$ cat coords_20.cif   # mmCIF, C-alpha atoms
data_final
#
loop_
_atom_site.label_atom_id
_atom_site.label_comp_id
_atom_site.auth_asym_id
_atom_site.auth_seq_id
_atom_site.Cartn_x
_atom_site.Cartn_y
_atom_site.Cartn_z
CA MET A 1196 69.39 65.35 30.78
CA MET A 1197 70.68 68.60 29.30
CA GLU A 1198 72.32 70.88 31.84
CA ASN A 1199 70.73 74.27 32.36
CA PRO A 1200 72.98 76.95 30.81
CA THR A 1201 74.64 79.67 32.88
CA LYS A 1202 74.38 83.13 31.37
CA PHE A 1203 77.04 85.78 32.08
CA ILE A 1204 76.14 89.38 31.22
CA VAL A 1205 79.29 91.53 31.11
CA GLU A 1206 78.53 94.82 29.37
CA PRO A 1207 81.41 96.97 28.11
CA GLY A 1208 82.18 99.92 30.38
CA LYS A 1209 79.93 98.79 33.26
CA GLN A 1210 81.43 97.92 36.64
CA GLU A 1211 79.01 95.04 37.15
CA VAL A 1212 78.31 91.45 36.12
CA TYR A 1213 75.08 89.44 36.04
CA ILE A 1214 75.12 85.65 36.33
CA ILE A 1215 71.77 83.96 35.63
CA ARG A 1216 70.88 80.28 35.89
CA GLU A 1217 67.83 78.13 36.40
CA PHE A 1218 67.68 75.03 38.59
CA ASP A 1219 65.04 72.29 38.27
CA TYR A 1220 64.46 72.29 42.03
CA PRO A 1221 62.34 74.31 44.51
CA VAL A 1222 63.46 77.79 45.55
CA GLY A 1223 63.83 77.00 49.26
CA MET A 1224 66.18 74.14 48.45
CA VAL A 1225 68.33 76.25 46.09
CA PHE A 1226 68.46 79.05 48.67
CA ASN A 1227 69.56 76.69 51.46
CA ALA A 1228 72.31 75.22 49.28
CA HIS A 1229 73.73 78.79 49.16
CA ALA A 1230 73.05 79.84 52.77
CA ASP A 1231 73.99 76.69 54.69
CA PRO A 1232 77.79 76.31 54.79
CA ASP A 1233 77.49 72.52 55.29
CA LEU A 1234 75.77 72.38 51.90
CA LEU A 1235 77.87 75.10 50.26
CA VAL A 1236 81.14 73.19 50.74
CA GLN A 1237 79.66 70.27 48.79
CA TRP A 1238 79.34 72.16 45.50
CA LEU A 1239 81.10 75.57 45.46
CA GLY A 1240 84.09 76.07 43.18
CA PRO A 1241 85.73 74.24 40.28
CA ASP A 1242 86.02 70.46 39.95
CA ASN A 1243 89.65 70.15 41.01
CA ARG A 1244 89.25 72.11 44.25
CA LYS A 1245 87.78 71.68 47.73
CA VAL A 1246 86.22 74.34 49.96
CA LYS A 1247 87.09 74.69 53.64
CA ILE A 1248 85.03 77.00 55.85
CA ASP A 1249 87.02 79.19 58.23
CA TYR A 1250 83.83 80.77 59.63
CA TYR A 1251 80.36 81.29 58.16
CA ASP A 1252 77.67 83.07 60.14
CA SER A 1253 74.93 82.94 57.55
CA ARG A 1254 72.49 85.65 58.64
CA THR A 1255 71.83 89.37 58.18
CA GLY A 1256 74.76 91.03 59.95
CA GLY A 1257 76.91 87.90 59.81
CA SER A 1258 80.25 87.38 58.12
CA TYR A 1259 82.14 84.57 56.42
CA ARG A 1260 85.57 83.39 55.32
CA TYR A 1261 86.44 80.27 53.35
CA LEU A 1262 89.49 78.75 51.74
CA ILE A 1263 89.88 77.02 48.38
CA LEU A 1264 92.16 73.98 48.63
CA SER A 1265 93.82 71.81 46.03
CA GLN A 1266 92.89 68.11 46.04
CA ALA A 1267 96.10 67.59 48.04
CA GLY A 1268 94.81 70.01 50.68
CA LYS A 1269 97.06 72.98 49.85
CA GLU A 1270 95.46 76.42 50.24
CA VAL A 1271 95.19 78.14 46.84
CA ALA A 1272 92.86 81.04 47.65
CA ALA A 1273 90.82 82.65 50.44
CA PHE A 1274 87.72 84.84 50.36
CA ASN A 1275 85.86 86.82 53.01
CA GLY A 1276 82.94 89.19 53.38
CA VAL A 1277 80.05 90.45 55.48
CA ILE A 1278 76.38 89.63 54.96
CA HIS A 1279 74.18 92.70 54.52
CA GLU A 1280 70.97 90.69 54.18
CA CYS A 1281 70.05 87.01 54.27
CA THR A 1282 66.29 86.60 53.78
CA PHE A 1283 64.91 83.08 53.20
CA PRO A 1284 64.14 82.10 50.48
CA GLU A 1285 64.56 85.17 48.33
CA ARG A 1286 67.73 87.21 48.79
CA ILE A 1287 71.33 87.20 49.99
CA MET A 1288 73.41 90.40 49.78
CA GLN A 1289 77.03 90.28 50.81
CA THR A 1290 80.46 91.74 50.23
CA PHE A 1291 83.15 89.55 48.65
CA GLU A 1292 86.92 89.98 48.74
CA TYR A 1293 89.66 87.79 47.29
CA GLU A 1294 92.57 87.87 49.73
CA GLY A 1295 95.31 87.13 47.20
CA LEU A 1296 95.72 90.64 45.77
CA PRO A 1297 98.67 92.92 46.64
CA GLN A 1298 96.38 95.49 48.27
CA ARG A 1299 93.15 95.06 50.20
CA GLY A 1300 90.03 96.93 49.17
CA HIS A 1301 89.12 95.21 45.89
CA VAL A 1302 85.70 94.31 47.22
CA SER A 1303 82.48 93.59 45.33
CA LEU A 1304 78.87 93.81 46.50
CA ASP A 1305 77.06 90.62 45.45
CA THR A 1306 73.27 90.24 45.41
CA MET A 1307 71.69 86.81 44.88
CA ILE A 1308 68.01 86.83 43.99
CA PHE A 1309 66.13 83.50 44.16
CA GLU A 1310 62.84 83.45 42.25
CA GLU A 1311 60.29 80.64 42.15
CA LEU A 1312 59.39 79.50 38.62
CA PRO A 1313 56.41 77.34 37.61
CA GLY A 1314 56.99 73.61 38.04
CA ASN A 1315 58.98 73.90 41.28
CA LYS A 1316 61.93 75.42 39.47
CA THR A 1317 64.13 78.34 40.53
CA LYS A 1318 65.77 81.24 38.76
CA LEU A 1319 68.95 82.51 40.39
CA THR A 1320 70.26 85.96 39.44
CA ILE A 1321 73.59 87.08 40.88
CA HIS A 1322 74.43 90.75 40.47
CA SER A 1323 77.98 91.77 41.36
CA VAL A 1324 78.98 95.43 41.53
CA PHE A 1325 82.70 96.23 41.55
CA ARG A 1326 84.66 99.26 42.75
CA SER A 1327 86.11 99.69 39.26
CA LEU A 1328 86.01 98.36 35.72
CA ALA A 1329 89.53 96.97 36.31
CA ASP A 1330 88.29 95.00 39.33
CA ARG A 1331 85.46 93.53 37.28
CA ASP A 1332 87.67 92.62 34.35
CA GLY A 1333 90.27 91.11 36.70
CA MET A 1334 87.59 88.89 38.20
CA MET A 1335 86.31 87.81 34.77
CA GLN A 1336 89.86 87.01 33.60
CA SER A 1337 90.53 84.81 36.65
CA GLY A 1338 88.65 81.86 35.14
CA VAL A 1339 85.51 82.48 37.14
CA GLU A 1340 83.20 81.29 34.33
CA THR A 1341 84.64 77.76 34.34
CA GLY A 1342 84.61 77.57 38.12
CA VAL A 1343 81.02 78.83 38.39
CA ASN A 1344 79.80 76.42 35.71
CA GLU A 1345 81.55 73.43 37.25
CA GLY A 1346 80.17 74.40 40.66
CA TYR A 1347 76.60 74.58 39.34
CA VAL A 1348 76.84 71.10 37.81
CA LYS A 1349 77.84 69.84 41.28
CA LEU A 1350 75.00 71.90 42.81
CA GLU A 1351 72.42 70.31 40.45
CA LYS A 1352 73.62 66.88 41.56
CA LEU A 1353 73.45 67.86 45.24
CA LEU A 1354 69.92 69.23 44.76
CA GLY A 1355 68.98 65.89 43.17
CA VAL A 1356 70.23 64.03 46.24
CA MET A 1357 68.50 66.50 48.63
CA SER A 1358 65.31 66.13 46.62
CA SER A 1359 65.35 62.31 46.71
CA ILE A 1360 65.93 62.37 50.50
CA ALA A 1361 63.14 64.95 50.98
CA GLY A 1362 60.75 63.12 48.64
CA MET B 603 88.79 130.90 58.45
CA MET B 604 87.64 129.64 55.03
CA GLU B 605 85.97 126.27 55.15
CA ASN B 606 87.62 123.48 53.18
CA PRO B 607 85.52 122.71 50.10
CA THR B 608 83.81 119.37 49.55
CA LYS B 609 84.20 117.98 46.03
CA PHE B 610 81.58 115.65 44.54
CA ILE B 611 82.60 113.69 41.45
CA VAL B 612 79.52 112.30 39.70
CA GLU B 613 80.43 111.19 36.19
CA PRO B 614 77.65 110.60 33.66
CA GLY B 615 76.84 106.92 33.11
CA LYS B 616 78.93 105.64 36.05
CA GLN B 617 77.24 103.90 39.00
CA GLU B 618 79.57 105.53 41.50
CA VAL B 619 80.24 108.80 43.35
CA TYR B 620 83.43 110.22 44.86
CA ILE B 621 83.29 112.69 47.74
CA ILE B 622 86.63 114.31 48.60
CA ARG B 623 87.43 116.73 51.41
CA GLU B 624 90.40 117.82 53.46
CA PHE B 625 90.39 118.49 57.19
CA ASP B 626 92.98 120.59 59.03
CA TYR B 627 93.37 117.93 61.73
CA PRO B 628 95.40 114.70 62.13
CA VAL B 629 94.32 111.52 60.36
CA GLY B 630 93.73 109.47 63.53
CA MET B 631 91.36 112.11 64.86
CA VAL B 632 89.39 112.33 61.60
CA PHE B 633 89.20 108.53 61.43
CA ASN B 634 87.92 108.26 65.01
CA ALA B 635 85.25 110.89 64.38
CA HIS B 636 83.90 108.48 61.71
CA ALA B 637 84.41 105.17 63.54
CA ASP B 638 83.32 106.08 67.09
CA PRO B 639 79.50 106.33 67.24
CA ASP B 640 79.70 108.66 70.27
CA LEU B 641 81.59 111.13 68.06
CA LEU B 642 79.63 110.39 64.87
CA VAL B 643 76.31 111.48 66.41
CA GLN B 644 77.81 114.89 67.16
CA TRP B 645 78.31 115.85 63.51
CA LEU B 646 76.65 113.50 61.01
CA GLY B 647 73.80 114.82 58.86
CA PRO B 648 72.25 118.19 58.04
CA ASP B 649 71.90 121.11 60.45
CA ASN B 650 68.24 120.64 61.24
CA ARG B 651 68.51 116.96 62.17
CA LYS B 652 69.76 114.78 65.00
CA VAL B 653 71.29 111.30 64.79
CA LYS B 654 70.23 108.48 67.11
CA ILE B 655 72.25 105.25 67.13
CA ASP B 656 70.18 102.06 67.16
CA TYR B 657 73.33 99.89 67.21
CA TYR B 658 76.89 100.48 65.99
CA ASP B 659 79.52 97.76 66.26
CA SER B 660 82.39 99.63 64.67
CA ARG B 661 84.82 96.89 63.65
CA THR B 662 85.58 94.58 60.73
CA GLY B 663 82.59 92.21 60.65
CA GLY B 664 80.40 94.56 62.66
CA SER B 665 77.14 96.22 61.67
CA TYR B 666 75.25 99.42 62.36
CA ARG B 667 71.87 101.10 62.23
CA TYR B 668 71.02 104.71 62.99
CA LEU B 669 68.03 106.99 62.77
CA ILE B 670 67.77 110.59 61.61
CA LEU B 671 65.41 112.61 63.79
CA SER B 672 63.82 116.02 63.41
CA GLN B 673 64.66 118.62 66.07
CA ALA B 674 61.35 117.63 67.71
CA GLY B 675 62.59 114.03 67.90
CA LYS B 676 60.42 112.54 65.13
CA GLU B 677 62.09 109.81 63.04
CA VAL B 678 62.56 111.00 59.45
CA ALA B 679 64.92 108.33 58.09
CA ALA B 680 66.84 105.18 59.03
CA PHE B 681 70.00 103.62 57.59
CA ASN B 682 71.77 100.31 58.16
CA GLY B 683 74.71 98.32 56.91
CA VAL B 684 77.52 95.89 57.64
CA ILE B 685 81.19 96.76 58.04
CA HIS B 686 83.49 94.85 55.67
CA GLU B 687 86.65 96.46 57.00
CA CYS B 688 87.50 98.98 59.71
CA THR B 689 91.28 99.54 59.84
CA PHE B 690 92.60 102.41 61.97
CA PRO B 691 93.50 105.00 60.78
CA GLU B 692 93.24 104.37 57.07
CA ARG B 693 90.10 102.66 55.81
CA ILE B 694 86.44 101.89 56.49
CA MET B 695 84.46 99.82 53.97
CA GLN B 696 80.78 99.24 54.62
CA THR B 697 77.40 98.69 53.02
CA PHE B 698 74.75 101.40 53.32
CA GLU B 699 70.98 101.11 52.86
CA TYR B 700 68.27 103.73 53.25
CA GLU B 701 65.26 102.00 54.76
CA GLY B 702 62.62 104.36 53.36
CA LEU B 703 62.37 102.89 49.86
CA PRO B 704 59.42 100.73 48.73
CA GLN B 705 61.68 97.68 48.19
CA ARG B 706 64.80 96.57 50.01
CA GLY B 707 68.02 95.92 48.14
CA HIS B 708 69.05 99.45 47.08
CA VAL B 709 72.38 99.09 48.82
CA SER B 710 75.67 100.86 48.14
CA LEU B 711 79.23 99.82 48.99
CA ASP B 712 81.03 102.78 50.59
CA THR B 713 84.80 103.00 51.01
CA MET B 714 86.33 105.77 53.14
CA ILE B 715 90.05 106.31 52.68
CA PHE B 716 91.82 108.51 55.24
CA GLU B 717 95.22 109.83 54.09
CA GLU B 718 97.73 111.83 56.10
CA LEU B 719 98.76 115.11 54.46
CA PRO B 720 101.73 117.30 55.42
CA GLY B 721 101.08 119.66 58.32
CA ASN B 722 98.91 117.22 60.31
CA LYS B 723 96.10 117.46 57.82
CA THR B 724 93.90 114.70 56.40
CA LYS B 725 92.42 113.93 53.02
CA LEU B 726 89.19 111.94 53.13
CA THR B 727 88.00 110.19 49.95
CA ILE B 728 84.64 108.46 50.02
CA HIS B 729 83.90 106.17 47.09
CA SER B 730 80.33 104.88 46.84
CA VAL B 731 79.40 102.18 44.33
CA PHE B 732 75.70 101.67 43.61
CA ARG B 733 73.75 98.71 42.22
CA SER B 734 72.47 100.90 39.37
CA LEU B 735 72.73 104.32 37.82
CA ALA B 736 69.16 104.98 39.03
CA ASP B 737 70.20 104.22 42.62
CA ARG B 738 73.09 106.63 42.34
CA ASP B 739 71.02 109.39 40.81
CA GLY B 740 68.27 108.86 43.39
CA MET B 741 70.82 109.32 46.17
CA MET B 742 72.25 112.47 44.56
CA GLN B 743 68.75 113.95 44.12
CA SER B 744 67.89 113.35 47.79
CA GLY B 745 69.76 116.46 48.90
CA VAL B 746 72.82 114.56 50.04
CA GLU B 747 75.22 117.35 48.99
CA THR B 748 73.72 119.86 51.41
CA GLY B 749 73.57 117.31 54.23
CA VAL B 750 77.16 116.19 53.71
CA ASN B 751 78.46 119.76 53.57
CA GLU B 752 76.57 120.82 56.68
CA GLY B 753 77.81 117.70 58.46
CA TYR B 754 81.43 118.44 57.59
CA VAL B 755 81.18 121.98 58.95
CA LYS B 756 80.01 120.45 62.25
CA LEU B 757 82.80 117.85 62.02
CA GLU B 758 85.46 120.59 61.60
CA LYS B 759 84.11 122.27 64.75
CA LEU B 760 84.13 118.97 66.67
CA LEU B 761 87.71 118.28 65.54
CA GLY B 762 88.64 121.73 66.81
CA VAL B 763 87.20 120.91 70.23
CA MET B 764 88.86 117.45 70.29
CA SER B 765 92.14 119.06 69.27
CA SER B 766 92.02 121.70 72.03
CA ILE B 767 91.24 118.99 74.63
CA ALA B 768 94.07 116.74 73.33
CA GLY B 769 96.54 119.61 73.05
#
$ encode --input "coords_20.cif" --output "structure tokens"
Amino acid sequence: MMENPTKFIVEPGKQEVYIIREFDYPVGMVFNAHADPDLLVQWLGPDNRKVKIDYYDSRTGGSYRYLILSQAGKEVAAFNGVIHECTFPERIMQTFEYEGLPQRGHVSLDTMIFEELPGNKTKLTIHSVFRSLADRDGMMQSGVETGVNEGYVKLEKLLGVMSSIAG
Amino acid sequence: MMENPTKFIVEPGKQEVYIIREFDYPVGMVFNAHADPDLLVQWLGPDNRKVKIDYYDSRTGGSYRYLILSQAGKEVAAFNGVIHECTFPERIMQTFEYEGLPQRGHVSLDTMIFEELPGNKTKLTIHSVFRSLADRDGMMQSGVETGVNEGYVKLEKLLGVMSSIAG
């Protein structure tokens, strides 16, 4: 089966990024794979990394922090944020900060929209707004495209397993 | 005494706004007037309105909601958000959503930087990033400049009272 493509929209001069992808699974399932930390750790991030949850209170008004580990278990990055809105099965809005920068404050506001498509499929649109063009370009240059793509391949597989258990 | 001016920087085509103002009072005092809801209600908003706190957990990972009331006590607006960072006396980063729009999701990410100036003065820089240019322009057209200016005149008076009590 061909993988669904991931589309990155990065317009010159705009302090925002769109990431758009379809999944061949129902919207509630795709939403839960993003909102439930026990599912999120199974697919998020690039192939050669693991995710470890520090805390994840996945609700409107909640907050989260997770670590990215090497296969050997060494911490390579950490991210945290607060959850402005978590509405099943349609929308998650949250802040996002990479902790590895020299100063704090390079935060983005990320909106994930989950839309039902015909045939029990789902369209996911992630819209990230940055505090500056430099913040956006820094994020894009960090290899995020590879990591996001590799994560989504793992997510498709996880959704396949969830679907076979549910079915 | 001349009031300190409030500067709005609203560049064409950018989905952001800067609001910059100085206060003739110490940075810790100006910070607390923004972070303590019991102080915030005494100055926030335009002259002909009152603020009523629904909830305000003023810390990193906290969240807030407040109402704007007419003098007669009728609710005219409501706002809510989550607090990404609240670090005394230098920075507050939070989301901000006006609840009166037909759809949810028109959220901004607001960063308040409090800087100490010589002579026990404070420079406040608010940087708001919006999800679209339309969101930004909608906010600017809502009369926010008048409300912010009137609020800051009340804040200067409150800081004067706090200062005379502390001194």
$ resolve_selection --input "coords_20.cif" --expression "the PyMOL selection byres ((chain A) within 7 of (chain B))" --output "list of chain:residue names"
A:Gly1256, A:Ser1258, A:Gly1276, A:Val1277, A:Ile1278, A:His1279, A:Thr1290, A:Leu1304, A:Val1324, A:Arg1326
$ residues_around --input "coords_20.cif" --residues "Met604 (chain B)" --least-positions-apart "3" --cutoff "12 Å" --atoms "only C-alpha atoms" --output "PyMOL selection string"
chain B and resi 607+625-626+755+758
$ axis_aligned_box --input "coords_20.cif" --around "region 636-643 of chain B" --padding-each-side "8 Å" --output "JSON"
{"center_x": 80.4, "center_y": 108.3, "center_z": 66.0, "size_x": 24.1, "size_y": 22.3, "size_z": 24.6}
$ residues_near_point --input "coords_20.cif" --point "(95.1, 70.1, 47.1)" --cutoff "12 Å" --atoms "all atoms listed in the file" --output "list in words"
Asp1242, Asn1243, Arg1244, Lys1245, Val1246, Lys1247, Leu1262, Ile1263, Leu1264, Ser1265, Gln1266, Ala1267, Gly1268, Lys1269, Glu1270, Val1271 and Ala1272 of chain A
$ resolve_selection --input "coords_20.cif" --expression "the PyMOL selection byres ((chain A and resi 1311) around 10)" --output "number ranges by chain"
A: 1217-1218, 1220-1223, 1225, 1284-1285, 1309-1310, 1312-1319
$ residues_around --input "coords_20.cif" --residues "Pro1232 (chain A)" --least-positions-apart "4" --cutoff "12 Å" --atoms "only C-alpha atoms" --output "number ranges by chain"
A: 1226-1228, 1236-1239, 1246-1254, 1258-1261
$ write_last_selection --input "coords_20.cif" --atoms "C-alpha atoms" --output "mmCIF file, in the coordinates of the input"
data_model
loop_
_atom_site.group_PDB
_atom_site.id
_atom_site.type_symbol
_atom_site.label_atom_id
_atom_site.label_comp_id
_atom_site.auth_asym_id
_atom_site.auth_seq_id
_atom_site.Cartn_x
_atom_site.Cartn_y
_atom_site.Cartn_z
ATOM 1 C CA PHE A 1226 68.460 79.050 48.670
ATOM 2 C CA ASN A 1227 69.560 76.690 51.460
ATOM 3 C CA ALA A 1228 72.310 75.220 49.280
ATOM 4 C CA VAL A 1236 81.140 73.190 50.740
ATOM 5 C CA GLN A 1237 79.660 70.270 48.790
ATOM 6 C CA TRP A 1238 79.340 72.160 45.500
ATOM 7 C CA LEU A 1239 81.100 75.570 45.460
ATOM 8 C CA VAL A 1246 86.220 74.340 49.960
ATOM 9 C CA LYS A 1247 87.090 74.690 53.640
ATOM 10 C CA ILE A 1248 85.030 77.000 55.850
ATOM 11 C CA ASP A 1249 87.020 79.190 58.230
ATOM 12 C CA TYR A 1250 83.830 80.770 59.630
ATOM 13 C CA TYR A 1251 80.360 81.290 58.160
ATOM 14 C CA ASP A 1252 77.670 83.070 60.140
ATOM 15 C CA SER A 1253 74.930 82.940 57.550
ATOM 16 C CA ARG A 1254 72.490 85.650 58.640
ATOM 17 C CA SER A 1258 80.250 87.380 58.120
ATOM 18 C CA TYR A 1259 82.140 84.570 56.420
ATOM 19 C CA ARG A 1260 85.570 83.390 55.320
ATOM 20 C CA TYR A 1261 86.440 80.270 53.350
#
$ residues_near_point --input "coords_20.cif" --point "(80.7, 115.9, 42.8)" --cutoff "10 Å" --atoms "all atoms listed in the file" --output "PyMOL selection string"
chain B and resi 608-613+619-622+742+747
$ write_last_selection --input "coords_20.cif" --atoms "C-alpha atoms" --output "short mmCIF file (atom, residue, chain, number, x, y, z; two decimals), in the frame of the given file"
data_model
loop_
_atom_site.label_atom_id
_atom_site.label_comp_id
_atom_site.auth_asym_id
_atom_site.auth_seq_id
_atom_site.Cartn_x
_atom_site.Cartn_y
_atom_site.Cartn_z
CA THR B 608 83.81 119.37 49.55
CA LYS B 609 84.20 117.98 46.03
CA PHE B 610 81.58 115.65 44.54
CA ILE B 611 82.60 113.69 41.45
CA VAL B 612 79.52 112.30 39.70
CA GLU B 613 80.43 111.19 36.19
CA VAL B 619 80.24 108.80 43.35
CA TYR B 620 83.43 110.22 44.86
CA ILE B 621 83.29 112.69 47.74
CA ILE B 622 86.63 114.31 48.60
CA MET B 742 72.25 112.47 44.56
CA GLU B 747 75.22 117.35 48.99
#
